[in-house]
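**Student:** Questions regarding the structure given below will be posed in turn.
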Amino acid sequence: MTSPSAISLYDTRRFFEKALQYGVQHGILSAEKIEAMRAEGPKGMVQIARYFGNEFLRPDLEKARDRMVNLISLYLEDSCQGDLRQAAESLRDFSLLSRSKGGSDMLKALIAMPQNSHFGMNERGGFTDEHIPLLAKWSLRSLADYQAELARRSHVAQVVEAAVWLAGELGMDAAELEDAGKDAEAVIRTALLVLATGRIEMPDWVAFEKMVAALRKKHGAAPAALPLAAPKKLPAHLWDVVEALRQSVMADAPKILDPALPPRQLFDRSPAFMGRYFWVEDGLNEVDHHDRQASAVWSKVTGGNADDGSLLTLFLCVAADSAPKTLLTEKSAATLLRKIRKAGFKPALAHQYILDHAPVQHQDAYASLWDDFVEEAQATLQSDAVHALHDALALLRRECHVQ
């Protein structure tokens, strides 16, 4: 056991200094090599001072000395894994400037790595002169700081690489992902869902919605059985990051497969899911899909009737918050009027119905037709006078379709 009075020494010297002393003490570094280092050191300091500032200013030269020692230390400790003998031998066999450059190259490579997994926010093309101020800061940081940042950025790089690989398998390249500007994690999650449905392309919103519908139909009763799996040919070094995201999709599965949650509301308007999954933004296709859906609804409701009477009957039903119809019986018309007198008349509902379902090219005309009717009929429809119901029925017989 260590006695209470024992003293533990903590060596705060840079690794370069430790390796240098070790090399001298163990005869690895000769007097000639030490002398060569003494001649080489000032040259390196001037070069570093010039690169980061001004070689004619004493403060810049002093900081350049610190940077040179730290860069050499970073390279030696990292490349030799903290082994002082190996480090001393490296100093013996190579120049100081080469060891300093080795440390600089390590930091340049680190700085050029992606900082986050959002496509479009990371620079491509490696280290540039714009990164020099950042290199100046890192040239004075410790190996522990470097290793921690390297681990973080390496993970980010693997996530990005996995997203690019999976998207490539589904017909989308890196440039398209950058244009889309979404998180790599979202791309991976969606790719796993796409593969689970047997599809072969990254989806736009229309295809994404259909994919969710298909998954709900097949696996809605058993979210835990959702067949998510990465392709077997996925590079081995990417398995861990993809598996972690596969687990996150499995955690989302109960909500993804819940038929009570509209997909648009869940994936695009729910704070917990916004940006969590990916689809290709294709406004034209979405509009075309919406138009097709609206056209189908409109055709079913109107039965192909586009005369003013049919349309006004339809709009009146909607404004009364009743089922849309283009034809009313005397009895149903009277019931509708009583509902209006009791619950109110809501012309805005009909306007929204026109926007949601009417053919785009006719929406303005239909809205104008409805506005003219409301202006003329609203007072009569909402009147509680003695003969109001009789007058309102007469109005509907004249303007709408009442049998």
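Ordering of the structure tokens sets the chain letters (A, B, ...); residue numbers start at 1 within each chain; ligands are numbered from 1 in the order shown.
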Fewer than 2 positions away in the same chain doesn't count, so skip those; otherwise give me all residues within 9 Å of stretch 70-79 of chain A, counting only C-alpha atoms, as number ranges by chain.

**Tutor:** A: 14-17, 19, 65-68, 81-84, 86-88, 90-91, 96-104, 106-107, 139-143, 146-147

**Student:** Next, dump the selected residues to file, keeping only N, CA and C atoms, as an mmCIF file, in the first residue's frame.

**Tutor:**
```cif
data_model
loop_
_atom_site.group_PDB
_atom_site.id
_atom_site.type_symbol
_atom_site.label_atom_id
_atom_site.label_comp_id
_atom_site.auth_asym_id
_atom_site.auth_seq_id
_atom_site.Cartn_x
_atom_site.Cartn_y
_atom_site.Cartn_z
ATOM 1 N N ARG A 14 5.328 18.685 -22.661
ATOM 2 C CA ARG A 14 4.802 18.214 -23.945
ATOM 3 C C ARG A 14 5.468 16.880 -24.287
ATOM 4 N N PHE A 15 4.753 16.081 -25.078
ATOM 5 C CA PHE A 15 5.261 14.750 -25.404
ATOM 6 C C PHE A 15 6.575 14.842 -26.178
ATOM 7 N N PHE A 16 6.726 15.872 -26.985
ATOM 8 C CA PHE A 16 7.967 16.076 -27.732
ATOM 9 C C PHE A 16 9.149 16.203 -26.765
ATOM 10 N N GLU A 17 8.964 16.972 -25.707
ATOM 11 C CA GLU A 17 10.031 17.153 -24.732
ATOM 12 C C GLU A 17 10.368 15.844 -24.029
ATOM 13 N N ALA A 19 9.926 12.800 -25.261
ATOM 14 C CA ALA A 19 10.586 11.910 -26.219
ATOM 15 C C ALA A 19 12.027 12.338 -26.461
ATOM 16 N N ARG A 65 6.702 29.052 -31.852
ATOM 17 C CA ARG A 65 7.484 28.035 -31.124
ATOM 18 C C ARG A 65 6.545 27.080 -30.384
ATOM 19 N N ASP A 66 5.543 27.655 -29.707
ATOM 20 C CA ASP A 66 4.590 26.808 -28.988
ATOM 21 C C ASP A 66 3.829 25.896 -29.957
ATOM 22 N N ARG A 67 3.459 26.469 -31.099
ATOM 23 C CA ARG A 67 2.716 25.670 -32.085
ATOM 24 C C ARG A 67 3.578 24.531 -32.624
ATOM 25 N N MET A 68 4.833 24.826 -32.921
ATOM 26 C CA MET A 68 5.714 23.802 -33.479
ATOM 27 C C MET A 68 5.905 22.651 -32.490
ATOM 28 N N GLN A 81 1.576 6.045 -30.426
ATOM 29 C CA GLN A 81 0.667 5.557 -29.376
ATOM 30 C C GLN A 81 1.254 5.729 -27.974
ATOM 31 N N GLY A 82 1.921 6.872 -27.776
ATOM 32 C CA GLY A 82 2.453 7.192 -26.458
ATOM 33 C C GLY A 82 3.733 6.473 -26.079
ATOM 34 N N ASP A 83 4.329 5.724 -27.001
ATOM 35 C CA ASP A 83 5.563 4.975 -26.724
ATOM 36 C C ASP A 83 6.756 5.911 -26.907
ATOM 37 N N LEU A 84 7.471 6.200 -25.821
ATOM 38 C CA LEU A 84 8.578 7.157 -25.884
ATOM 39 C C LEU A 84 9.738 6.642 -26.730
ATOM 40 N N GLN A 86 9.581 4.634 -29.392
ATOM 41 C CA GLN A 86 9.212 4.811 -30.798
ATOM 42 C C GLN A 86 9.274 6.284 -31.198
ATOM 43 N N ALA A 87 8.852 7.155 -30.293
ATOM 44 C CA ALA A 87 8.871 8.583 -30.588
ATOM 45 C C ALA A 87 10.301 9.093 -30.753
ATOM 46 N N ALA A 88 11.181 8.638 -29.875
ATOM 47 C CA ALA A 88 12.590 9.048 -29.967
ATOM 48 C C ALA A 88 13.208 8.554 -31.275
ATOM 49 N N SER A 90 11.599 8.023 -33.991
ATOM 50 C CA SER A 90 11.010 8.821 -35.062
ATOM 51 C C SER A 90 11.747 10.145 -35.204
ATOM 52 N N LEU A 91 12.120 10.751 -34.064
ATOM 53 C CA LEU A 91 12.900 11.988 -34.106
ATOM 54 C C LEU A 91 14.288 11.743 -34.703
ATOM 55 N N LEU A 96 12.608 17.451 -37.867
ATOM 56 C CA LEU A 96 11.605 18.110 -37.033
ATOM 57 C C LEU A 96 10.466 18.662 -37.879
ATOM 58 N N LEU A 97 10.840 19.222 -39.025
ATOM 59 C CA LEU A 97 9.814 19.823 -39.876
ATOM 60 C C LEU A 97 8.826 18.777 -40.384
ATOM 61 N N SER A 98 9.313 17.581 -40.641
ATOM 62 C CA SER A 98 8.407 16.526 -41.103
ATOM 63 C C SER A 98 7.443 16.106 -39.999
ATOM 64 N N ARG A 99 7.937 16.074 -38.723
ATOM 65 C CA ARG A 99 7.063 15.718 -37.607
ATOM 66 C C ARG A 99 6.044 16.836 -37.335
ATOM 67 N N SER A 100 6.498 18.071 -37.501
ATOM 68 C CA SER A 100 5.583 19.204 -37.334
ATOM 69 C C SER A 100 4.521 19.198 -38.433
ATOM 70 N N LYS A 101 4.959 18.903 -39.657
ATOM 71 C CA LYS A 101 4.009 18.822 -40.763
ATOM 72 C C LYS A 101 3.022 17.680 -40.544
ATOM 73 N N GLY A 102 3.518 16.574 -39.957
ATOM 74 C CA GLY A 102 2.629 15.461 -39.661
ATOM 75 C C GLY A 102 1.505 15.872 -38.730
ATOM 76 N N GLY A 103 1.851 16.647 -37.680
ATOM 77 C CA GLY A 103 0.827 17.143 -36.777
ATOM 78 C C GLY A 103 -0.143 18.092 -37.461
ATOM 79 N N SER A 104 0.396 18.946 -38.325
ATOM 80 C CA SER A 104 -0.453 19.883 -39.074
ATOM 81 C C SER A 104 -1.402 19.140 -40.005
ATOM 82 N N MET A 106 -2.554 16.139 -39.619
ATOM 83 C CA MET A 106 -3.596 15.516 -38.801
ATOM 84 C C MET A 106 -4.734 16.498 -38.541
ATOM 85 N N LEU A 107 -4.379 17.718 -38.166
ATOM 86 C CA LEU A 107 -5.400 18.715 -37.833
ATOM 87 C C LEU A 107 -6.153 19.181 -39.071
ATOM 88 N N SER A 139 -3.904 24.114 -33.401
ATOM 89 C CA SER A 139 -2.472 23.837 -33.302
ATOM 90 C C SER A 139 -1.951 23.967 -31.878
ATOM 91 N N LEU A 140 -2.777 24.505 -30.988
ATOM 92 C CA LEU A 140 -2.378 24.646 -29.586
ATOM 93 C C LEU A 140 -3.217 23.756 -28.664
ATOM 94 N N ARG A 141 -4.056 22.905 -29.245
ATOM 95 C CA ARG A 141 -4.910 22.032 -28.441
ATOM 96 C C ARG A 141 -4.197 20.715 -28.122
ATOM 97 N N SER A 142 -4.698 20.017 -27.131
ATOM 98 C CA SER A 142 -4.063 18.783 -26.667
ATOM 99 C C SER A 142 -4.469 17.585 -27.517
ATOM 100 N N LEU A 143 -3.742 16.487 -27.344
ATOM 101 C CA LEU A 143 -4.082 15.252 -28.051
ATOM 102 C C LEU A 143 -5.456 14.747 -27.608
ATOM 103 N N TYR A 146 -8.006 16.567 -29.525
ATOM 104 C CA TYR A 146 -8.002 16.076 -30.908
ATOM 105 C C TYR A 146 -8.723 14.738 -31.008
ATOM 106 N N GLN A 147 -8.407 13.820 -30.105
ATOM 107 C CA GLN A 147 -9.002 12.487 -30.170
ATOM 108 C C GLN A 147 -10.509 12.524 -29.934
#
```

**Student:** Applying 7 Å and only C-alpha atoms, which residues near stretch 57-64 of chain A remain after dropping the ones on its own chain fewer than 3 positions away? List them as a PyMOL selection string.

**Tutor:** chain A and resi 45-46+48-49+53-54+67-68

**Student:** Could you please determine the separation between atom CA of A:Thr302 and atom CA of A:Thr326 in Å, to one decimal place?

**Tutor:**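 Answer for the atom CA of A:Thr302 to atom CA of A:Thr326 separation: 6.3 Å.
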
**Student:** Let's see if you can do this: from backbone DSSP, list all alpha helix (DSSP H) residues in stretch 195-356 of chain A, as a ChimeraX atom specification.

**Tutor:** /A:195-196,205-219,239-256,263-269,283-302,308-319,330-343,347-356

**Student:** Using only C-alpha atoms, determine which residues lie at most 12 Å from A:His118, disregarding the query and same-chain residues fewer than 6 positions distant; provide the list as number ranges by chain.

**Tutor:** A: 156-157, 159-161, 163-164, 177-187, 275-276, 278

**Student:** Rounded to one decimal place, report the atom CA of A:Ala31-atom CA of A:Arg92 distance in Å.

**Tutor:**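 Pair atom CA of A:Ala31 / atom CA of A:Arg92 returns 10.9 Å.
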
**Student:** Need the shell around A:Pro133: protein/DNA/RNA residues with any atom at most 12 Å away, counting only C-alpha atoms. Skip same-chain ones fewer than 3 positions apart. Format as a list in words?

**Tutor:** Tyr51, Phe52, Gly53, Lys108, Ile111, Phe127, Thr128, Asp129, Glu130, Ala136, Lys137, Trp138, Ser139 and Leu140 of chain A

**Student:** Give me the residues within 10 Å of A:Pro227 as an NGL selection string, counting only C-alpha atoms and dropping any in the same chain fewer than 2 places off.

**Tutor:** :A and (192-193 or 195-197 or 215 or 219 or 223-225 or 229 or 250)

**Student:** For atom CA of A:Asp105 and atom CA of A:Arg153, quote the distance in Å rounded to one decimal.

**Tutor:**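 Taking atom CA of A:Asp105 as the start and atom CA of A:Arg153 as the end point, the length is 16.0 Å.
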
**Student:** I want to know what sits within 9 Å of A:Met211, based on only C-alpha atoms, with residues of the same chain fewer than 5 positions away left out; could you give that as a PDB file with N, CA, C and O atoms, in the first residue's frame?

**Tutor:**
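Generated output (part_15.pdb):
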```
ATOM      1  N   LEU A 193     -37.272   2.135 -44.230  1.00  0.00           N
ATOM      2  CA  LEU A 193     -38.700   1.912 -44.472  1.00  0.00           C
ATOM      3  C   LEU A 193     -38.954   1.540 -45.934  1.00  0.00           C
ATOM      4  O   LEU A 193     -39.773   0.666 -46.229  1.00  0.00           O
ATOM      5  N   VAL A 194     -38.245   2.215 -46.834  1.00  0.00           N
ATOM      6  CA  VAL A 194     -38.397   1.916 -48.263  1.00  0.00           C
ATOM      7  C   VAL A 194     -38.016   0.466 -48.541  1.00  0.00           C
ATOM      8  O   VAL A 194     -38.735  -0.260 -49.239  1.00  0.00           O
ATOM      9  N   THR A 197     -40.558  -2.124 -47.570  1.00  0.00           N
ATOM     10  CA  THR A 197     -41.740  -2.260 -48.432  1.00  0.00           C
ATOM     11  C   THR A 197     -41.389  -2.808 -49.809  1.00  0.00           C
ATOM     12  O   THR A 197     -42.278  -2.970 -50.654  1.00  0.00           O
ATOM     13  N   ARG A 199     -39.680  -1.329 -52.123  1.00  0.00           N
ATOM     14  CA  ARG A 199     -39.572  -0.298 -53.157  1.00  0.00           C
ATOM     15  C   ARG A 199     -38.118  -0.118 -53.556  1.00  0.00           C
ATOM     16  O   ARG A 199     -37.199  -0.526 -52.831  1.00  0.00           O
ATOM     17  N   PRO A 203     -38.573   8.057 -51.883  1.00  0.00           N
ATOM     18  CA  PRO A 203     -39.902   8.552 -52.225  1.00  0.00           C
ATOM     19  C   PRO A 203     -40.026  10.071 -52.202  1.00  0.00           C
ATOM     20  O   PRO A 203     -39.310  10.765 -51.473  1.00  0.00           O
ATOM     21  N   VAL A 206     -45.822  11.942 -52.017  1.00  0.00           N
ATOM     22  CA  VAL A 206     -46.938  11.092 -52.438  1.00  0.00           C
ATOM     23  C   VAL A 206     -46.575   9.623 -52.235  1.00  0.00           C
ATOM     24  O   VAL A 206     -47.344   8.839 -51.664  1.00  0.00           O
ATOM     25  N   ARG A 216     -48.932   0.284 -42.719  1.00  0.00           N
ATOM     26  CA  ARG A 216     -50.018   0.231 -41.732  1.00  0.00           C
ATOM     27  C   ARG A 216     -50.970  -0.922 -42.034  1.00  0.00           C
ATOM     28  O   ARG A 216     -51.431  -1.614 -41.122  1.00  0.00           O
TER      29      ARG A 216
END
```

**Student:** Nearest to A:Asp391: which of A:Leu316, A:Ala334, A:Leu369, A:Val212 is it, counting only C-alpha atoms?

**Tutor:** A:Ala334

**Student:** Which residue out of A:His362, A:Ala319, A:Met172, A:Pro263 has the minimum interatomic distance to A:Lys210 when only C-alpha atoms are used?

**Tutor:**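 For A:Lys210, the nearest of the candidates is A:Pro263.
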